[in-house]
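Student: Below: one structure in structure tokens.
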Amino acid sequence: MKTISRKKQENKEKSYSSKMMIKGVLLILLLISLICYRDSLQSIWEGIKSVTKKELCISILLAISGYLLEGMTIACMMGMVIPHAATGYGIWVAFVCEFYRLTTLGSGSGFAEIHYLTRKEIEPGKAATLTMIQYVIKRIAVMLFGLGGFICLFCREKTRFLCAEYKAFMGIGCLITVIVIALFLCLALSAKLAAAALKFMDWLCLKVPSKEKVFCKWKEQIMLLNRSGKSILGEKKKILCLLLLQSGKLMLFYSIPACFLYGKTDLLVSESICLMAVSFMLAGVIPAPSGAVALEFVFLLFFTGFTNYDVAVPAILLFRFATWLCPAVIGGALLFGRKIV
């Protein structure tokens, strides 16, 4: 009995030490990310100084509501492969992934989501597939909002000139999204096309051996997607639910600058939301100085046509604070307050 109790005590000590080590690594990553983002954080701080407490509270409330819908999206996805998926756990994962997005400079949130999905006894392959489906659903929602916003702005005389100037980029943005969706569906639903894609990856490995590790990762993703994507995509009602949840999240996010700009520009709230939707979509298409500030570049390019630069800058910085920094702080608090990291 003493031997068993000793082993239990040793296991507890090992578990505790490993958890403390993980938390220590996360703290180091947080410090590194804060150093890397120091210029952006300083800009955000300077920007929100001109924001009233009411505007700040409304923006944070909208952002948190958006991440609640993101958490419901994750829970809905989990419900496709396991029974009794907890909405609370999905919300926890949504915020924690934002903490990982901050600490890993934007590259670790997807891996974090896969990790925490596997904690609920979801196979790693299915967890990766669910994360890929979530990404595609998000891209569809962004495209639909962007296209709808573009059409609404084009129908109004005071914003038509802007749409006419950038309609080519809107077409390119829609085309890229459609190609990504079509490729995703083909690889998920067709075994023959997936096999052809794997052969193509093998050919690339031979032609470009320096990128063999990258191509091997792509092969793994293709196999995972084809293996479980068809059954998951067959849940049509839940796929529609995911799209509605993502659309609701985007609506809340797009409302943040619209609420701030209300009364400070001649744009209606609905017009500001539409313009933000177009900006968000085109941020990935229009060449901008540094991909990290693409949205800021496009936002200022569009909104300064209707308001002063001194008003537009705090609006986008407030958006960044509410949708990026605030949820990351909440996610860090939730992560370190949980027994299982």
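Chain labels run A, B, ... following the order of the structure tokens; each chain numbers its residues from 1, and ligands are numbered from 1 in the order shown.
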Which residues of region 192-253 of chain A come within 9 Å of region 134-146 of chain A, and for each one, what is the closest pair of atoms and their distance in Å to one decimal, counting only C-alpha atoms, sorted by chain and residue number, as a tab-separated table?
Tutor:
residue	atom	partner	partner_atom	distance
A:Ile239	CA	A:Ile137	CA	8.1
A:Leu242	CA	A:Ile137	CA	7.1
A:Leu243	CA	A:Ile137	CA	5.9
A:Leu244	CA	A:Ala141	CA	8.3
A:Gln246	CA	A:Lys138	CA	6.1
A:Ser247	CA	A:Ala141	CA	5.5
A:Leu250	CA	A:Val142	CA	7.5
A:Met251	CA	A:Phe145	CA	8.5
Student: Could you save the residues just selected, with N, CA, C and O atoms, as a PDB file, in the first residue's frame?
Tutor:
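Contents of the output file result27.pdb:
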ATOM      1  N   ILE A 239     -23.343  22.468 -40.577  1.00  0.00           N
ATOM      2  CA  ILE A 239     -22.496  23.326 -41.413  1.00  0.00           C
ATOM      3  C   ILE A 239     -23.166  24.690 -41.593  1.00  0.00           C
ATOM      4  O   ILE A 239     -22.516  25.745 -41.510  1.00  0.00           O
ATOM      5  N   LEU A 242     -22.788  26.598 -38.433  1.00  0.00           N
ATOM      6  CA  LEU A 242     -21.442  27.167 -38.337  1.00  0.00           C
ATOM      7  C   LEU A 242     -21.344  28.471 -39.132  1.00  0.00           C
ATOM      8  O   LEU A 242     -20.766  29.459 -38.669  1.00  0.00           O
ATOM      9  N   LEU A 243     -21.922  28.455 -40.320  1.00  0.00           N
ATOM     10  CA  LEU A 243     -21.882  29.644 -41.177  1.00  0.00           C
ATOM     11  C   LEU A 243     -22.638  30.804 -40.537  1.00  0.00           C
ATOM     12  O   LEU A 243     -22.173  31.958 -40.569  1.00  0.00           O
ATOM     13  N   LEU A 244     -23.783  30.519 -39.929  1.00  0.00           N
ATOM     14  CA  LEU A 244     -24.570  31.567 -39.266  1.00  0.00           C
ATOM     15  C   LEU A 244     -23.832  32.126 -38.050  1.00  0.00           C
ATOM     16  O   LEU A 244     -23.851  33.336 -37.811  1.00  0.00           O
ATOM     17  N   GLN A 246     -20.543  32.167 -37.579  1.00  0.00           N
ATOM     18  CA  GLN A 246     -19.418  32.963 -38.060  1.00  0.00           C
ATOM     19  C   GLN A 246     -19.891  34.302 -38.623  1.00  0.00           C
ATOM     20  O   GLN A 246     -19.226  35.330 -38.442  1.00  0.00           O
ATOM     21  N   SER A 247     -21.033  34.297 -39.271  1.00  0.00           N
ATOM     22  CA  SER A 247     -21.594  35.537 -39.804  1.00  0.00           C
ATOM     23  C   SER A 247     -21.972  36.484 -38.668  1.00  0.00           C
ATOM     24  O   SER A 247     -21.740  37.698 -38.748  1.00  0.00           O
ATOM     25  N   LEU A 250     -18.782  38.060 -37.273  1.00  0.00           N
ATOM     26  CA  LEU A 250     -18.274  39.123 -38.140  1.00  0.00           C
ATOM     27  C   LEU A 250     -19.119  40.384 -38.023  1.00  0.00           C
ATOM     28  O   LEU A 250     -18.588  41.500 -38.016  1.00  0.00           O
ATOM     29  N   MET A 251     -20.433  40.224 -37.932  1.00  0.00           N
ATOM     30  CA  MET A 251     -21.313  41.383 -37.784  1.00  0.00           C
ATOM     31  C   MET A 251     -20.983  42.165 -36.517  1.00  0.00           C
ATOM     32  O   MET A 251     -20.926  43.402 -36.517  1.00  0.00           O
TER      33      MET A 251
END
Student: One decimal, in Å: what's the spacing between CA of Gly149 (chain A) and CA of Cys274 (chain A)?
Tutor: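 We find that CA of Gly149 (chain A) and CA of Cys274 (chain A) lie 4.1 Å from each other.
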Student: Separation of CA of Glu70 (chain A) and CA of Trp324 (chain A), in Å?
Tutor: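 Spanning CA of Glu70 (chain A) to CA of Trp324 (chain A) is a straight-line distance of 13.6 Å.
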Student: Leaving out region 176-186 of chain A and any residue of its chain fewer than 4 positions from it, which residues lie within 10 Å of it when counting only C-alpha atoms, given as a ChimeraX atom specification?
Tutor: /A:132-133,136-137,139-140,142-143,170-172,190-194,222,225-226,229-230,233,281,284-285
Student: Tell me, which residues of region 49-187 of chain A carry DSSP helix (DSSP H, G or I), written as number ranges by chain?
Tutor: A: 53-78, 87-103, 109-118, 124-154, 157-187
Student: To one decimal place, how far is CA of Ser279 (chain A) from CA of Ile60 (chain A) in Å?
Tutor: 20.6 Å
Student: Please provide the set of residues having any atom within 8 Å of Phe253 (chain A), restricted to only C-alpha atoms, with same-chain residues fewer than 2 positions apart removed, written as a ChimeraX atom specification.
Tutor: /A:62-63,66,249-251,255-256,319,323
Student: Create the file for the chosen residues now, containing all heavy atoms and written as a PDB file, in the first residue's frame.
Tutor:
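Output saved as part10.pdb:
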ATOM      1  N   LEU A  62     -18.876  44.095 -27.664  1.00  0.00           N
ATOM      2  CA  LEU A  62     -19.110  43.532 -28.996  1.00  0.00           C
ATOM      3  C   LEU A  62     -18.088  42.448 -29.316  1.00  0.00           C
ATOM      4  O   LEU A  62     -18.437  41.388 -29.857  1.00  0.00           O
ATOM      5  CB  LEU A  62     -19.056  44.640 -30.047  1.00  0.00           C
ATOM      6  CG  LEU A  62     -20.221  45.630 -30.072  1.00  0.00           C
ATOM      7  CD1 LEU A  62     -19.906  46.802 -30.999  1.00  0.00           C
ATOM      8  CD2 LEU A  62     -21.515  44.941 -30.509  1.00  0.00           C
ATOM      9  N   ALA A  63     -16.825  42.706 -28.978  1.00  0.00           N
ATOM     10  CA  ALA A  63     -15.766  41.740 -29.264  1.00  0.00           C
ATOM     11  C   ALA A  63     -15.954  40.454 -28.458  1.00  0.00           C
ATOM     12  O   ALA A  63     -15.838  39.344 -28.993  1.00  0.00           O
ATOM     13  CB  ALA A  63     -14.403  42.351 -28.979  1.00  0.00           C
ATOM     14  N   GLY A  66     -18.651  38.435 -29.815  1.00  0.00           N
ATOM     15  CA  GLY A  66     -18.185  37.743 -31.012  1.00  0.00           C
ATOM     16  C   GLY A  66     -17.431  36.478 -30.682  1.00  0.00           C
ATOM     17  O   GLY A  66     -17.612  35.438 -31.339  1.00  0.00           O
ATOM     18  N   LYS A 249     -20.594  36.550 -35.720  1.00  0.00           N
ATOM     19  CA  LYS A 249     -19.342  37.045 -35.144  1.00  0.00           C
ATOM     20  C   LYS A 249     -18.791  38.206 -35.963  1.00  0.00           C
ATOM     21  O   LYS A 249     -18.388  39.236 -35.400  1.00  0.00           O
ATOM     22  CB  LYS A 249     -18.318  35.906 -35.086  1.00  0.00           C
ATOM     23  CG  LYS A 249     -16.993  36.302 -34.458  1.00  0.00           C
ATOM     24  CD  LYS A 249     -15.944  35.225 -34.633  1.00  0.00           C
ATOM     25  CE  LYS A 249     -15.386  35.232 -36.040  1.00  0.00           C
ATOM     26  NZ  LYS A 249     -14.222  34.319 -36.200  1.00  0.00           N
ATOM     27  N   LEU A 250     -18.782  38.060 -37.273  1.00  0.00           N
ATOM     28  CA  LEU A 250     -18.274  39.123 -38.140  1.00  0.00           C
ATOM     29  C   LEU A 250     -19.119  40.384 -38.023  1.00  0.00           C
ATOM     30  O   LEU A 250     -18.588  41.500 -38.016  1.00  0.00           O
ATOM     31  CB  LEU A 250     -18.235  38.646 -39.590  1.00  0.00           C
ATOM     32  CG  LEU A 250     -17.193  37.570 -39.926  1.00  0.00           C
ATOM     33  CD1 LEU A 250     -17.337  37.120 -41.368  1.00  0.00           C
ATOM     34  CD2 LEU A 250     -15.787  38.071 -39.669  1.00  0.00           C
ATOM     35  N   MET A 251     -20.433  40.224 -37.932  1.00  0.00           N
ATOM     36  CA  MET A 251     -21.313  41.383 -37.784  1.00  0.00           C
ATOM     37  C   MET A 251     -20.983  42.165 -36.517  1.00  0.00           C
ATOM     38  O   MET A 251     -20.926  43.402 -36.517  1.00  0.00           O
ATOM     39  CB  MET A 251     -22.774  40.933 -37.769  1.00  0.00           C
ATOM     40  CG  MET A 251     -23.761  42.060 -37.508  1.00  0.00           C
ATOM     41  SD  MET A 251     -23.704  43.363 -38.767  1.00  0.00           S
ATOM     42  CE  MET A 251     -24.613  42.574 -40.092  1.00  0.00           C
ATOM     43  N   SER A 255     -19.156  45.940 -36.386  1.00  0.00           N
ATOM     44  CA  SER A 255     -19.917  47.022 -35.736  1.00  0.00           C
ATOM     45  C   SER A 255     -19.043  47.883 -34.835  1.00  0.00           C
ATOM     46  O   SER A 255     -19.448  48.997 -34.472  1.00  0.00           O
ATOM     47  CB  SER A 255     -21.073  46.433 -34.921  1.00  0.00           C
ATOM     48  OG  SER A 255     -21.980  45.730 -35.754  1.00  0.00           O
ATOM     49  N   ILE A 256     -17.862  47.400 -34.465  1.00  0.00           N
ATOM     50  CA  ILE A 256     -16.995  48.143 -33.533  1.00  0.00           C
ATOM     51  C   ILE A 256     -16.566  49.488 -34.119  1.00  0.00           C
ATOM     52  O   ILE A 256     -16.820  50.538 -33.514  1.00  0.00           O
ATOM     53  CB  ILE A 256     -15.780  47.285 -33.118  1.00  0.00           C
ATOM     54  CG1 ILE A 256     -16.252  46.095 -32.275  1.00  0.00           C
ATOM     55  CG2 ILE A 256     -14.765  48.126 -32.339  1.00  0.00           C
ATOM     56  CD1 ILE A 256     -15.168  45.086 -31.981  1.00  0.00           C
ATOM     57  N   PHE A 319     -10.510  48.826 -32.869  1.00  0.00           N
ATOM     58  CA  PHE A 319     -10.896  47.513 -33.387  1.00  0.00           C
ATOM     59  C   PHE A 319      -9.840  46.465 -33.037  1.00  0.00           C
ATOM     60  O   PHE A 319     -10.161  45.359 -32.603  1.00  0.00           O
ATOM     61  CB  PHE A 319     -11.078  47.599 -34.904  1.00  0.00           C
ATOM     62  CG  PHE A 319     -11.393  46.287 -35.564  1.00  0.00           C
ATOM     63  CD1 PHE A 319     -12.690  45.796 -35.591  1.00  0.00           C
ATOM     64  CD2 PHE A 319     -10.386  45.530 -36.161  1.00  0.00           C
ATOM     65  CE1 PHE A 319     -12.983  44.581 -36.194  1.00  0.00           C
ATOM     66  CE2 PHE A 319     -10.677  44.317 -36.766  1.00  0.00           C
ATOM     67  CZ  PHE A 319     -11.968  43.841 -36.784  1.00  0.00           C
ATOM     68  N   THR A 323     -10.629  43.279 -30.559  1.00  0.00           N
ATOM     69  CA  THR A 323     -10.722  41.948 -31.189  1.00  0.00           C
ATOM     70  C   THR A 323      -9.429  41.147 -31.118  1.00  0.00           C
ATOM     71  O   THR A 323      -9.430  39.970 -31.457  1.00  0.00           O
ATOM     72  CB  THR A 323     -11.129  42.078 -32.667  1.00  0.00           C
ATOM     73  OG1 THR A 323     -10.122  42.824 -33.375  1.00  0.00           O
ATOM     74  CG2 THR A 323     -12.464  42.767 -32.806  1.00  0.00           C
TER      75      THR A 323
END
Student: Identify which of the residues A:Phe95, A:Phe303, A:Phe215, A:Tyr89 lies closest to Ser65 (chain A), counting only C-alpha atoms when measuring atom-to-atom distances.
Tutor: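 With only C-alpha atoms as the atom set, the closest residue is A:Phe95.
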Student: Which residue is closest to Lys53 (chain A)? Choose from A:Leu267, A:Ala86, A:Phe260, A:Leu130 and count only C-alpha atoms.
Tutor: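 Ranking A:Leu267, A:Ala86, A:Phe260, A:Leu130 by distance to Lys53 (chain A), first place goes to A:Phe260.
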Student: Out of A:Cys216, A:Ala168, A:Ala195, A:Cys205, which residue has the shortest atom-to-atom distance to Leu282 (chain A) when counting only C-alpha atoms?
Tutor: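 Under the stated criterion, the closest residue is A:Ala168.
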Student: Do a neighbour search on Ala283 (chain A) at 6 Å with only C-alpha atoms, toss out local chain neighbours closer than 6 positions, and write the hits as a list in words.
Tutor: Ala294, Leu295 and Val298 of chain A
